[in-house]
Amino acid sequence: MRIAFNARIALQRKIAWLLLFSFFSLCFIGWLIYFNKKNMEATTDSIGHTYAVLDHITKIRTRLATWESLSRPPLSPAFRQAMTKELDRIKVLSAGNSGLLLSIDSLAVAVNSIDAGADTSRLAGLRSRIATITQQEQDNISKRRVISQLADRKSTILLIGGSVLAFFFIVIILIRLNKDIVLRRRAEQQLKESQAWLESILDNTTSLMYIKDPDGRYVMVNRRFREVLGVEDAIVIGHTDADFAATEDAAHYKHLDDQVVRTGRSLEIEEIIPGAGGNMHFLSIKFPLLDGNGRLIGIGGIATEITERVQYQQQLIGATREAQNAKGMQELFLANMSHEIRTPMNGIQGMTDLLLDTPLSDQQKEFARIIKRSVNNLLVIVNDVLDFSKIKAGKLAIEKIEFRLKDVLDNAKAMFSHRIAKKGLELQIELDPAIPETLKGDPYRLNQVLINLIGNAIKFTEEGWIKIRVTAQERTDQQVNLLFSVADSGVGIPEASLSTVFDHFSQAGLDTSRRYGGTGLGLAICHQLLQLQGGEITVKSKENEGTTFHFRLSYGYNGSPAASAPVAAVLADYSQCLAGRRFLVAEDNEVNQQLVDHVLRKGGGEVQLAGNGEEAVAFLKRGGSYDLIIMDLQMPVMDGYAATRYIRQELLLSTPIIAMTATALVGEQLRCFESGMNDYMTKPFEFAELYKRITALLAPFISIAG
């Protein structure tokens, strides 16, 4: 368009120059013709005067010759009058020729001086003067003819030269005009092609496109626009939305157009247009159209159909909600399953421990130990499933507390001492003396990793040894990097299975689960727990030559003794550690009531049982004084959270409270502390662990002997 526009401007300029030059050329030619005409008229007049003079001189000469042929009679007045008249006419004709006038005056004097007796010399002089005048006039005629011829030649040359120059100039301009015409035609052809392409694009695009003038009248719409709205050009072009759209819709479109006109900025909106098959969603972009001077000349619009995208988003939102609901149901299911499984497991494990403390035959003790091991194995599976769910949900928290590495290793050793002794294995623990005594990190997750790895080593080792080694790799003023290794002399892992041992639900062989049991989650959880703490784990193994797991972890330290050092003290005898202490136990499960009652009384304590939180609060309201409260969380009437808040906020009691729950899901411990509880334990629990927690809370009042 711009090329054509520029070509049109250049074409007009050249035509103007051509017309101007043609005008001046015509003026010049007209002037030459007029000049030649005037020159010819002047020359003709001059020659005519000269011939008239010659004619009158000829008449004078004829009269004189006649007079002389008559033998010179006396001059009559008529003769003189005729001669004078001829001379006067010659003077009139020679008014502008001073030389000729002098000659005529001299001739007049000579004519007037002749008479009948004039001698021959005088007459000869008169004839000589007449001949001289005649010759002068004839010379003048010749000169005027030459001047006229020269003027005609000059005019002809000028006319021919000007015509030639004008011809070449016109030819040059016409050549340039022809070039411009060719360029213009080419530009028009390109414009037509571009318009054809544009129309093809507009008519074949899936988007609605339109152009409006500043008053909202449609100037152009594409085929998709007509198809979607079901309108024709005759209905749309030159009309506004109010002419074919609903009143409310037209007002809405007018408001949007006014906003674009007012702000001069593009506007992006989502619109819903009713269609034959239902509502159609469009992403519409309105933008101002400006001329070269920045003035608004119209409004353009492109509307892209996003019905499928909107439907997909709605489906995605629905799927997300379903997934969230499913996730919530999964968490609720896990919470319920944890509670329902751990509650009877707590009774089975606790009663088994109590049973083992009673006089039994060797066979009965063995049966009881088998029950305990089975419960422990089941508990490991439950913990693995819960930890796996928490890790997948990103809700597993990593703590940063002070602990002693030696205590963690001793705890792991004590946990497996019975199994190791029964298999006749040797458990070796090597601790690098360069490791600080007190570290800062998450001892519970470290203990979980060690228990999984040691448990696997014991499971797959029938004879030989298990070695645990911890060495300090790098150490700074505030951090130490530790390398842990757990090696065994067991059956090993096939090389083909090494790349998948850390995958979920993966085991070394198809018969591993049948021969050794397990869910295949232990190593996967170890791998993810270490990743959460910034560590890594690797494995080296050969079949029938044993397996070695290496993992790295970084811990902080400050050289001060661990805050939990008093708690970590090993109690050799718990028989009287709770002597003289009164305990309030809120527990709705009868088996767990009996279990906690036996455990606390075994330590020398006095126990008051409550079936729910409301009963526990009632005992406290009646003035009951207790050294410590054990509070179950999930209870009817009033749960442990509500009971604890009432005790802290209404009764204003600071009695230590230990939460005891079978749920063991993420966030439970934090909720317990926020409600006012002092400690948190999960079911099933070890008697020694419960004694330790109670001892820690009552430490200021209990004297513990080595």
# chains A, B, ... in the order shown; residues from 1 in each chain; ligands from 1
$ residues_around --residues "region 634-643 of chain A" --least-positions-apart "6" --cutoff "7 Å" --atoms "only C-alpha atoms" --output "compact mmCIF listing (two decimals) with all heavy atoms, in the first residue's frame"
# COMPACT_ATOMS: atom_id res chain seq x y z
N ASP A 588 -9.93 -44.54 76.12
CA ASP A 588 -11.26 -45.13 75.94
C ASP A 588 -11.19 -46.63 75.66
O ASP A 588 -12.20 -47.33 75.80
CB ASP A 588 -11.99 -44.43 74.78
CG ASP A 588 -11.26 -44.59 73.46
OD1 ASP A 588 -10.01 -44.51 73.45
OD2 ASP A 588 -11.93 -44.80 72.43
N ASN A 612 -12.79 -41.02 78.97
CA ASN A 612 -12.71 -40.00 77.92
C ASN A 612 -12.22 -38.70 78.54
O ASN A 612 -11.99 -38.61 79.76
CB ASN A 612 -14.06 -39.80 77.23
CG ASN A 612 -15.18 -39.51 78.21
OD1 ASN A 612 -15.13 -38.54 78.96
ND2 ASN A 612 -16.21 -40.36 78.23
N GLY A 613 -12.08 -37.67 77.70
CA GLY A 613 -11.55 -36.41 78.19
C GLY A 613 -12.46 -35.74 79.20
O GLY A 613 -11.99 -35.08 80.14
N GLU A 614 -13.78 -35.90 79.03
CA GLU A 614 -14.71 -35.26 79.95
C GLU A 614 -14.57 -35.84 81.36
O GLU A 614 -14.60 -35.10 82.35
CB GLU A 614 -16.13 -35.44 79.44
CG GLU A 614 -17.18 -34.66 80.22
CD GLU A 614 -18.56 -34.80 79.62
OE1 GLU A 614 -19.09 -35.93 79.63
OE2 GLU A 614 -19.09 -33.78 79.15
N VAL A 617 -11.42 -34.43 82.93
CA VAL A 617 -11.63 -33.06 83.41
C VAL A 617 -12.45 -33.08 84.70
O VAL A 617 -12.20 -32.29 85.63
CB VAL A 617 -12.32 -32.23 82.31
CG1 VAL A 617 -12.78 -30.88 82.87
CG2 VAL A 617 -11.38 -32.02 81.13
N CYS A 672 -0.54 -31.37 69.10
CA CYS A 672 -0.48 -31.69 70.54
C CYS A 672 0.21 -30.57 71.31
O CYS A 672 -0.28 -30.12 72.35
CB CYS A 672 0.26 -33.01 70.76
SG CYS A 672 -0.64 -34.45 70.16
N SER A 675 -1.87 -27.41 71.56
CA SER A 675 -2.99 -27.48 72.50
C SER A 675 -2.55 -27.43 73.96
O SER A 675 -3.39 -27.26 74.84
CB SER A 675 -3.81 -28.76 72.25
OG SER A 675 -3.02 -29.90 72.53
$ closest_atom_pairs --of "region 402-437 of chain A" --to "region 455-475 of chain A" --cutoff "7 Å" --atoms "only C-alpha atoms" --output "tab-separated table"
residue	atom	partner	partner_atom	distance
A:Lys423	CA	A:Glu462	CA	6.7
A:Gly424	CA	A:Glu463	CA	6.8
A:Leu425	CA	A:Trp465	CA	5.4
A:Glu426	CA	A:Trp465	CA	4.5
A:Leu427	CA	A:Ile466	CA	4.9
A:Gln428	CA	A:Lys467	CA	4.7
A:Ile429	CA	A:Ile468	CA	4.7
A:Glu430	CA	A:Arg469	CA	4.6
A:Leu431	CA	A:Val470	CA	5.1
A:Asp432	CA	A:Thr471	CA	4.9
A:Ala434	CA	A:Ala472	CA	6.5
A:Ile435	CA	A:Ala472	CA	5.9
$ residues_around --residues "Val491 (chain A)" --least-positions-apart "5" --cutoff "8 Å" --atoms "only C-alpha atoms" --output "ChimeraX atom specification"
/A:460-461,543-547
$ write_last_selection --atoms "all heavy atoms" --output "mmCIF file, in the first residue's frame"
data_model
loop_
_atom_site.group_PDB
_atom_site.id
_atom_site.type_symbol
_atom_site.label_atom_id
_atom_site.label_comp_id
_atom_site.auth_asym_id
_atom_site.auth_seq_id
_atom_site.Cartn_x
_atom_site.Cartn_y
_atom_site.Cartn_z
ATOM 1 N N PHE A 460 18.725 -60.948 55.992
ATOM 2 C CA PHE A 460 19.354 -61.667 54.889
ATOM 3 C C PHE A 460 20.708 -62.290 55.255
ATOM 4 O O PHE A 460 21.462 -62.680 54.375
ATOM 5 C CB PHE A 460 19.530 -60.719 53.695
ATOM 6 C CG PHE A 460 18.237 -60.208 53.138
ATOM 7 C CD1 PHE A 460 17.860 -58.890 53.309
ATOM 8 C CD2 PHE A 460 17.378 -61.059 52.465
ATOM 9 C CE1 PHE A 460 16.662 -58.418 52.802
ATOM 10 C CE2 PHE A 460 16.176 -60.600 51.951
ATOM 11 C CZ PHE A 460 15.805 -59.272 52.126
ATOM 12 N N THR A 461 21.028 -62.330 56.553
ATOM 13 C CA THR A 461 22.288 -62.943 56.988
ATOM 14 C C THR A 461 21.966 -64.090 57.945
ATOM 15 O O THR A 461 21.411 -63.867 59.027
ATOM 16 C CB THR A 461 23.195 -61.908 57.701
ATOM 17 O OG1 THR A 461 23.405 -60.807 56.817
ATOM 18 C CG2 THR A 461 24.521 -62.537 58.075
ATOM 19 N N GLU A 543 26.311 -61.632 45.059
ATOM 20 C CA GLU A 543 25.578 -62.772 45.592
ATOM 21 C C GLU A 543 26.501 -63.678 46.399
ATOM 22 O O GLU A 543 27.628 -63.993 45.990
ATOM 23 C CB GLU A 543 24.932 -63.567 44.456
ATOM 24 C CG GLU A 543 23.725 -62.868 43.850
ATOM 25 C CD GLU A 543 22.975 -63.755 42.884
ATOM 26 O OE1 GLU A 543 22.064 -64.482 43.322
ATOM 27 O OE2 GLU A 543 23.308 -63.713 41.678
ATOM 28 N N ASN A 544 26.005 -64.048 47.591
ATOM 29 C CA ASN A 544 26.713 -64.961 48.504
ATOM 30 C C ASN A 544 27.991 -64.367 49.077
ATOM 31 O O ASN A 544 28.791 -65.078 49.678
ATOM 32 C CB ASN A 544 27.031 -66.294 47.812
ATOM 33 C CG ASN A 544 25.778 -66.982 47.298
ATOM 34 O OD1 ASN A 544 24.747 -66.994 47.981
ATOM 35 N ND2 ASN A 544 25.871 -67.538 46.102
ATOM 36 N N GLU A 545 28.219 -63.033 48.880
ATOM 37 C CA GLU A 545 29.407 -62.385 49.447
ATOM 38 C C GLU A 545 29.053 -61.213 50.345
ATOM 39 O O GLU A 545 29.939 -60.518 50.839
ATOM 40 C CB GLU A 545 30.333 -61.910 48.324
ATOM 41 C CG GLU A 545 30.938 -63.042 47.506
ATOM 42 C CD GLU A 545 31.938 -62.527 46.486
ATOM 43 O OE1 GLU A 545 32.316 -61.329 46.583
ATOM 44 O OE2 GLU A 545 32.335 -63.302 45.596
ATOM 45 N N GLY A 546 27.763 -60.971 50.554
ATOM 46 C CA GLY A 546 27.373 -59.905 51.465
ATOM 47 C C GLY A 546 27.033 -58.607 50.747
ATOM 48 O O GLY A 546 27.191 -58.460 49.531
ATOM 49 N N THR A 547 26.567 -57.651 51.544
ATOM 50 C CA THR A 547 26.107 -56.354 51.031
ATOM 51 C C THR A 547 26.619 -55.250 51.934
ATOM 52 O O THR A 547 26.679 -55.410 53.160
ATOM 53 C CB THR A 547 24.568 -56.306 50.982
ATOM 54 O OG1 THR A 547 24.091 -57.388 50.177
ATOM 55 C CG2 THR A 547 24.066 -54.994 50.401
#
$ select_by_dssp --residues "region 460-689 of chain A" --states "helix (DSSP H, G or I)" --output "mmCIF file with N, CA and C atoms, in the first residue's frame"
data_model
loop_
_atom_site.group_PDB
_atom_site.id
_atom_site.type_symbol
_atom_site.label_atom_id
_atom_site.label_comp_id
_atom_site.auth_asym_id
_atom_site.auth_seq_id
_atom_site.Cartn_x
_atom_site.Cartn_y
_atom_site.Cartn_z
ATOM 1 N N GLU A 495 23.347 -58.711 40.819
ATOM 2 C CA GLU A 495 23.792 -57.491 40.139
ATOM 3 C C GLU A 495 22.663 -56.854 39.342
ATOM 4 N N ALA A 496 21.795 -57.658 38.757
ATOM 5 C CA ALA A 496 20.695 -57.124 37.946
ATOM 6 C C ALA A 496 19.679 -56.358 38.781
ATOM 7 N N SER A 497 19.660 -56.593 40.089
ATOM 8 C CA SER A 497 18.673 -55.945 40.962
ATOM 9 C C SER A 497 19.228 -54.725 41.675
ATOM 10 N N LEU A 498 20.537 -54.463 41.543
ATOM 11 C CA LEU A 498 21.145 -53.349 42.288
ATOM 12 C C LEU A 498 20.554 -52.001 41.883
ATOM 13 N N SER A 499 20.188 -51.853 40.608
ATOM 14 C CA SER A 499 19.694 -50.556 40.130
ATOM 15 C C SER A 499 18.274 -50.269 40.589
ATOM 16 N N THR A 500 17.581 -51.254 41.152
ATOM 17 C CA THR A 500 16.177 -51.055 41.535
ATOM 18 C C THR A 500 15.918 -51.263 43.018
ATOM 19 N N THR A 512 11.809 -63.322 47.275
ATOM 20 C CA THR A 512 12.337 -62.681 48.487
ATOM 21 C C THR A 512 11.232 -62.429 49.498
ATOM 22 N N SER A 513 10.091 -61.916 48.993
ATOM 23 C CA SER A 513 9.000 -61.612 49.909
ATOM 24 C C SER A 513 8.482 -62.874 50.573
ATOM 25 N N ARG A 514 8.424 -63.981 49.786
ATOM 26 C CA ARG A 514 7.912 -65.219 50.371
ATOM 27 C C ARG A 514 8.892 -65.800 51.384
ATOM 28 N N ARG A 515 10.191 -65.670 51.096
ATOM 29 C CA ARG A 515 11.193 -66.277 51.981
ATOM 30 C C ARG A 515 11.495 -65.412 53.193
ATOM 31 N N TYR A 516 11.570 -64.074 52.987
ATOM 32 C CA TYR A 516 12.039 -63.205 54.075
ATOM 33 C C TYR A 516 10.981 -62.215 54.556
ATOM 34 N N GLY A 522 11.244 -50.434 52.659
ATOM 35 C CA GLY A 522 12.273 -50.001 53.611
ATOM 36 C C GLY A 522 13.390 -49.207 52.973
ATOM 37 N N LEU A 523 14.037 -49.760 51.917
ATOM 38 C CA LEU A 523 15.157 -49.064 51.284
ATOM 39 C C LEU A 523 14.687 -47.817 50.545
ATOM 40 N N ALA A 524 13.495 -47.864 49.954
ATOM 41 C CA ALA A 524 12.972 -46.672 49.279
ATOM 42 C C ALA A 524 12.774 -45.538 50.270
ATOM 43 N N ILE A 525 12.261 -45.871 51.463
ATOM 44 C CA ILE A 525 12.062 -44.846 52.487
ATOM 45 C C ILE A 525 13.405 -44.330 52.989
ATOM 46 N N CYS A 526 14.384 -45.223 53.171
ATOM 47 C CA CYS A 526 15.726 -44.783 53.575
ATOM 48 C C CYS A 526 16.290 -43.784 52.566
ATOM 49 N N HIS A 527 16.156 -44.117 51.276
ATOM 50 C CA HIS A 527 16.667 -43.251 50.214
ATOM 51 C C HIS A 527 16.007 -41.873 50.266
ATOM 52 N N GLN A 528 14.685 -41.838 50.454
ATOM 53 C CA GLN A 528 13.979 -40.561 50.462
ATOM 54 C C GLN A 528 14.235 -39.786 51.750
ATOM 55 N N LEU A 529 14.342 -40.482 52.873
ATOM 56 C CA LEU A 529 14.658 -39.797 54.130
ATOM 57 C C LEU A 529 16.026 -39.130 54.057
ATOM 58 N N LEU A 530 16.991 -39.821 53.454
ATOM 59 C CA LEU A 530 18.330 -39.246 53.322
ATOM 60 C C LEU A 530 18.319 -38.064 52.358
ATOM 61 N N GLN A 531 17.553 -38.171 51.281
ATOM 62 C CA GLN A 531 17.452 -37.041 50.350
ATOM 63 C C GLN A 531 16.850 -35.824 51.034
ATOM 64 N N LEU A 532 15.835 -36.035 51.868
ATOM 65 C CA LEU A 532 15.229 -34.918 52.589
ATOM 66 C C LEU A 532 16.222 -34.228 53.516
ATOM 67 N N ALA A 565 20.561 -34.972 77.369
ATOM 68 C CA ALA A 565 21.486 -35.871 78.059
ATOM 69 C C ALA A 565 20.865 -36.521 79.288
ATOM 70 N N PRO A 566 20.139 -35.781 80.136
ATOM 71 C CA PRO A 566 19.535 -36.443 81.291
ATOM 72 C C PRO A 566 18.534 -37.514 80.879
ATOM 73 N N VAL A 567 17.809 -37.246 79.730
ATOM 74 C CA VAL A 567 16.827 -38.224 79.288
ATOM 75 C C VAL A 567 17.516 -39.470 78.766
ATOM 76 N N ALA A 568 18.689 -39.272 78.193
ATOM 77 C CA ALA A 568 19.393 -40.394 77.581
ATOM 78 C C ALA A 568 20.015 -41.322 78.605
ATOM 79 N N GLU A 590 -10.421 -50.339 76.512
ATOM 80 C CA GLU A 590 -10.287 -51.066 77.784
ATOM 81 C C GLU A 590 -8.966 -51.808 77.880
ATOM 82 N N VAL A 591 -8.528 -52.421 76.790
ATOM 83 C CA VAL A 591 -7.263 -53.161 76.824
ATOM 84 C C VAL A 591 -6.108 -52.211 77.101
ATOM 85 N N ASN A 592 -6.107 -51.058 76.425
ATOM 86 C CA ASN A 592 -5.029 -50.092 76.646
ATOM 87 C C ASN A 592 -5.098 -49.497 78.052
ATOM 88 N N GLN A 593 -6.311 -49.357 78.593
ATOM 89 C CA GLN A 593 -6.429 -48.902 79.984
ATOM 90 C C GLN A 593 -5.712 -49.867 80.921
ATOM 91 N N GLN A 594 -5.995 -51.142 80.741
ATOM 92 C CA GLN A 594 -5.360 -52.146 81.604
ATOM 93 C C GLN A 594 -3.850 -52.156 81.410
ATOM 94 N N LEU A 595 -3.421 -52.000 80.129
ATOM 95 C CA LEU A 595 -1.991 -52.031 79.842
ATOM 96 C C LEU A 595 -1.276 -50.874 80.527
ATOM 97 N N VAL A 596 -1.759 -49.639 80.317
ATOM 98 C CA VAL A 596 -1.098 -48.473 80.924
ATOM 99 C C VAL A 596 -1.178 -48.566 82.443
ATOM 100 N N ASP A 597 -2.310 -49.057 82.962
ATOM 101 C CA ASP A 597 -2.445 -49.199 84.421
ATOM 102 C C ASP A 597 -1.387 -50.146 84.969
ATOM 103 N N HIS A 598 -1.174 -51.307 84.304
ATOM 104 C CA HIS A 598 -0.156 -52.268 84.752
ATOM 105 C C HIS A 598 1.243 -51.674 84.649
ATOM 106 N N VAL A 599 1.515 -50.973 83.542
ATOM 107 C CA VAL A 599 2.864 -50.430 83.338
ATOM 108 C C VAL A 599 3.186 -49.392 84.401
ATOM 109 N N LEU A 600 2.233 -48.487 84.680
ATOM 110 C CA LEU A 600 2.500 -47.432 85.656
ATOM 111 C C LEU A 600 2.573 -47.994 87.079
ATOM 112 N N ARG A 601 1.707 -48.930 87.380
ATOM 113 C CA ARG A 601 1.758 -49.517 88.720
ATOM 114 C C ARG A 601 3.027 -50.342 88.892
ATOM 115 N N LYS A 602 3.494 -50.956 87.782
ATOM 116 C CA LYS A 602 4.734 -51.726 87.857
ATOM 117 C C LYS A 602 5.907 -50.825 88.219
ATOM 118 N N GLY A 613 -12.079 -37.672 77.702
ATOM 119 C CA GLY A 613 -11.555 -36.410 78.193
ATOM 120 C C GLY A 613 -12.458 -35.742 79.198
ATOM 121 N N GLU A 614 -13.777 -35.895 79.031
ATOM 122 C CA GLU A 614 -14.705 -35.258 79.955
ATOM 123 C C GLU A 614 -14.570 -35.841 81.357
ATOM 124 N N GLU A 615 -14.410 -37.181 81.450
ATOM 125 C CA GLU A 615 -14.220 -37.797 82.765
ATOM 126 C C GLU A 615 -12.914 -37.330 83.388
ATOM 127 N N ALA A 616 -11.857 -37.192 82.584
ATOM 128 C CA ALA A 616 -10.578 -36.728 83.121
ATOM 129 C C ALA A 616 -10.712 -35.318 83.679
ATOM 130 N N VAL A 617 -11.421 -34.435 82.933
ATOM 131 C CA VAL A 617 -11.629 -33.062 83.410
ATOM 132 C C VAL A 617 -12.447 -33.075 84.697
ATOM 133 N N ALA A 618 -13.435 -33.980 84.786
ATOM 134 C CA ALA A 618 -14.268 -34.059 85.999
ATOM 135 C C ALA A 618 -13.433 -34.435 87.212
ATOM 136 N N PHE A 619 -12.492 -35.403 87.059
ATOM 137 C CA PHE A 619 -11.608 -35.764 88.176
ATOM 138 C C PHE A 619 -10.811 -34.555 88.629
ATOM 139 N N LEU A 620 -10.319 -33.760 87.686
ATOM 140 C CA LEU A 620 -9.517 -32.584 88.050
ATOM 141 C C LEU A 620 -10.380 -31.518 88.704
ATOM 142 N N LYS A 621 -11.624 -31.357 88.230
ATOM 143 C CA LYS A 621 -12.508 -30.371 88.835
ATOM 144 C C LYS A 621 -12.835 -30.714 90.282
ATOM 145 N N GLY A 640 -8.796 -35.747 73.288
ATOM 146 C CA GLY A 640 -7.647 -35.310 74.074
ATOM 147 C C GLY A 640 -7.292 -33.856 73.855
ATOM 148 N N TYR A 641 -7.498 -33.336 72.627
ATOM 149 C CA TYR A 641 -7.169 -31.928 72.359
ATOM 150 C C TYR A 641 -8.069 -31.004 73.164
ATOM 151 N N ALA A 642 -9.376 -31.263 73.102
ATOM 152 C CA ALA A 642 -10.320 -30.407 73.820
ATOM 153 C C ALA A 642 -10.097 -30.493 75.325
ATOM 154 N N ALA A 643 -9.822 -31.700 75.804
ATOM 155 C CA ALA A 643 -9.595 -31.858 77.242
ATOM 156 C C ALA A 643 -8.349 -31.100 77.681
ATOM 157 N N THR A 644 -7.285 -31.172 76.876
ATOM 158 C CA THR A 644 -6.040 -30.485 77.238
ATOM 159 C C THR A 644 -6.242 -28.974 77.234
ATOM 160 N N ARG A 645 -6.935 -28.449 76.206
ATOM 161 C CA ARG A 645 -7.168 -27.001 76.167
ATOM 162 C C ARG A 645 -7.999 -26.551 77.380
ATOM 163 N N TYR A 646 -8.963 -27.363 77.767
ATOM 164 C CA TYR A 646 -9.779 -26.998 78.928
ATOM 165 C C TYR A 646 -8.926 -26.976 80.193
ATOM 166 N N ILE A 647 -8.052 -27.973 80.310
ATOM 167 C CA ILE A 647 -7.188 -28.046 81.497
ATOM 168 C C ILE A 647 -6.274 -26.827 81.561
ATOM 169 N N ARG A 648 -5.726 -26.410 80.397
ATOM 170 C CA ARG A 648 -4.777 -25.288 80.396
ATOM 171 C C ARG A 648 -5.486 -23.936 80.499
ATOM 172 N N GLN A 649 -6.619 -23.781 79.809
ATOM 173 C CA GLN A 649 -7.235 -22.456 79.712
ATOM 174 C C GLN A 649 -8.309 -22.203 80.764
ATOM 175 N N GLU A 668 0.347 -34.268 63.758
ATOM 176 C CA GLU A 668 -0.266 -34.652 65.033
ATOM 177 C C GLU A 668 0.536 -34.117 66.210
ATOM 178 N N GLN A 669 1.853 -34.279 66.137
ATOM 179 C CA GLN A 669 2.705 -33.840 67.245
ATOM 180 C C GLN A 669 2.614 -32.330 67.437
ATOM 181 N N LEU A 670 2.620 -31.570 66.311
ATOM 182 C CA LEU A 670 2.525 -30.116 66.415
ATOM 183 C C LEU A 670 1.190 -29.701 67.020
ATOM 184 N N ARG A 671 0.108 -30.347 66.634
ATOM 185 C CA ARG A 671 -1.198 -30.035 67.217
ATOM 186 C C ARG A 671 -1.213 -30.305 68.711
ATOM 187 N N CYS A 672 -0.538 -31.372 69.104
ATOM 188 C CA CYS A 672 -0.478 -31.691 70.541
ATOM 189 C C CYS A 672 0.214 -30.574 71.315
ATOM 190 N N PHE A 673 1.365 -30.130 70.814
ATOM 191 C CA PHE A 673 2.109 -29.077 71.507
ATOM 192 C C PHE A 673 1.325 -27.763 71.501
ATOM 193 N N GLU A 674 0.625 -27.474 70.390
ATOM 194 C CA GLU A 674 -0.147 -26.231 70.326
ATOM 195 C C GLU A 674 -1.316 -26.235 71.301
ATOM 196 N N SER A 675 -1.869 -27.414 71.565
ATOM 197 C CA SER A 675 -2.995 -27.484 72.501
ATOM 198 C C SER A 675 -2.552 -27.426 73.956
ATOM 199 N N PHE A 687 7.794 -50.134 77.161
ATOM 200 C CA PHE A 687 7.679 -49.704 78.560
ATOM 201 C C PHE A 687 8.831 -48.786 78.937
ATOM 202 N N ALA A 688 10.038 -49.147 78.527
ATOM 203 C CA ALA A 688 11.215 -48.358 78.887
ATOM 204 C C ALA A 688 11.102 -46.941 78.326
ATOM 205 N N GLU A 689 10.564 -46.826 77.078
ATOM 206 C CA GLU A 689 10.428 -45.497 76.465
ATOM 207 C C GLU A 689 9.435 -44.650 77.249
#
$ closest_residue --among "A:Phe367, A:Phe287, A:Phe282, A:Phe403" --to "Thr307 (chain A)" --atoms "only C-alpha atoms"
A:Phe282
$ residues_around --residues "Ile29 (chain A)" --least-positions-apart "5" --cutoff "9 Å" --atoms "only C-alpha atoms" --output "list in words"
Phe24, Tyr34, Leu158, Leu159, Gly162 and Ser163 of chain A
$ closest_residue --among "A:Leu584, A:Val261, A:Ile401, A:Ile658" --to "Asp215 (chain A)" --atoms "only C-alpha atoms"
A:Val261
$ closest_residue --among "A:Glu402, A:Glu232, A:Asp410, A:Asp213" --to "Glu437 (chain A)" --atoms "only C-alpha atoms"
A:Glu402
